[in-house]
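To keep things clear, I will list the structure first and then write my remarks on it.
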Amino acid sequence: MTGKEFQPVLLFALITLTVLSGCEKGKTGVHPDFNITKRDITSVTDKLPHDIRSNIIKNPQCFLEYMERILNEPVDYAVLVDKKHALSSSYIPPDLVNIREYGLRTTKKYLRIRRIVIPDLTAMAEAARLQGVELVIGSSYRSYAYQKQLYSYYVRTEGKEKADKESARPGHSQHQLGTTMDFSPIDNKFIETKGGKWLDKYAWKYGFSLSYPPDSESITGYKYEPWHYRYVGRDVSFIIKRYFDGKQQLFLEFYDKTKEYFKKSLRK
Ligand SMILES: [Zn+2]
């Protein structure tokens, strides 16, 4: 490498290092791309649990850096679908593909997912494989009509109250998004398997987030589901991990309420 080539490379490395460390070392200023003051940050986060809020207030620059990235994504990965927020019965994701065609392991021949999930899903499966862990997908996209059948089945066999803790009503399932999957075995013991442990530790790095974590029934309305992951993209999964204590539901609710405000506050 000549000296002339070396300089730009070194400069790039320095800038990258500065940007990355700037996020973790807790710069206290607010972000230059947003027309937002410290007081605004304090007020927009006032409904959040204390620890999450103080994390954001302590390091708003990094938080806003990731918010900007999320707002600029061509796809909204953070659509709120929960007990109170439903997808339309006619919503079908535009780019469903058969998972097996991409060399990923599934328990059924025909399981579909949105194509936008494939690059990170294959990267994650490959990283796990290199550490001796085989990830197997047991369920993924479910249509509105299929979810309707499934929910009725649970109600018939277990009664309404139990069904509502374990199954979503039609329109209210993250599986209809086409970005959500259940890893196999779909069982409480999944967390004790190699795959369950691996995902618990590393899935967020690839943009996957555990939707129904332990001890969160009062927030999510669902029992702990160690097998159920939603792809939210790497920026959203970073924010959930770094600022929201791994509570996807809390970030999705926050984003749903504040995204228009943050969009308007972006300097053009
Ligand atoms: Zn699921």
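By convention in this document, the chains of the structure tokens carry letters A, B, ... by their order, each chain's residues are numbered from 1, and ligands are numbered from 1 in the order they are shown.
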
Discussion item. Taking the DSSP secondary structure from the backbone, can you list the residues of region 209-267 of chain A that are strand (DSSP E or B), as a ChimeraX atom specification?
Written reply: /A:209-210,228-231,266

Residues from last step as file, N, CA, C and O atoms, as a short mmCIF file (atom, residue, chain, number, x, y, z; two decimals), in the first residue's frame:
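part.cif, freshly written:
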data_model
loop_
_atom_site.label_atom_id
_atom_site.label_comp_id
_atom_site.auth_asym_id
_atom_site.auth_seq_id
_atom_site.Cartn_x
_atom_site.Cartn_y
_atom_site.Cartn_z
N SER A 209 -35.50 -9.75 17.27
CA SER A 209 -35.85 -9.36 18.63
C SER A 209 -36.89 -10.32 19.20
O SER A 209 -37.88 -10.65 18.54
N LEU A 210 -36.65 -10.73 20.44
CA LEU A 210 -37.58 -11.62 21.15
C LEU A 210 -38.83 -10.81 21.51
O LEU A 210 -38.74 -9.82 22.23
N HIS A 228 -40.12 -17.25 19.79
CA HIS A 228 -40.78 -16.32 18.86
C HIS A 228 -39.97 -15.03 18.67
O HIS A 228 -39.87 -14.21 19.57
N TYR A 229 -39.39 -14.88 17.49
CA TYR A 229 -38.55 -13.72 17.16
C TYR A 229 -39.15 -12.93 16.00
O TYR A 229 -39.61 -13.51 15.02
N ARG A 230 -39.09 -11.61 16.14
CA ARG A 230 -39.52 -10.75 15.04
C ARG A 230 -38.29 -10.06 14.47
O ARG A 230 -37.48 -9.51 15.23
N TYR A 231 -38.19 -10.04 13.14
CA TYR A 231 -37.12 -9.29 12.51
C TYR A 231 -37.51 -7.81 12.49
O TYR A 231 -38.56 -7.46 11.95
N LEU A 266 -36.78 16.28 12.24
CA LEU A 266 -35.55 16.08 11.44
C LEU A 266 -35.30 17.30 10.58
O LEU A 266 -36.19 17.75 9.85
#

Worksheet item: In region 22-213 of chain A, what's helix (DSSP H, G or I) per DSSP? Answer as a ChimeraX atom specification?
Response: /A:22-24,38-44,50-58,60-71,99-102,115-130,144-158,160-166,174-177,188-192,194-206

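Considering only C-alpha atoms, the residue among A:Trp227, A:Tyr243, A:Phe251, A:Tyr151 positioned nearest to Lys165 (chain A) is A:Tyr151.
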
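Among the candidate residues A:Tyr77, A:Tyr66, A:Tyr110, A:Phe183, the one lying nearest to ligand 1 is A:Phe183, with distances computed using only C-alpha atoms and all ligand atoms.
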
Worksheet item: Would you name the residues within 12 Å of ligand 1, counting only C-alpha atoms and all ligand atoms, and put them as a PyMOL selection string?
Response: chain A and resi 137-142+147+150+166-168+172-187+209-212+222-231

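The shortest atom-to-atom distance to Trp198 (chain A), with only C-alpha atoms taken into account, belongs to A:Gly132 out of A:Ala86, A:Tyr91, A:Leu48, A:Gly132.
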
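Shortest atom-to-atom contact with Arg100 (chain A) among A:Asp164, A:Ile118, A:Asp46, A:Ala145: A:Ile118, counting only C-alpha atoms.
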
Worksheet item: Distance CA of Leu80 (chain A)-CA of Tyr153 (chain A), one decimal place?
Response: 25.0 Å

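Coordinates place CA of Tyr206 (chain A) at a distance of 17.1 Å from CA of Asp245 (chain A).
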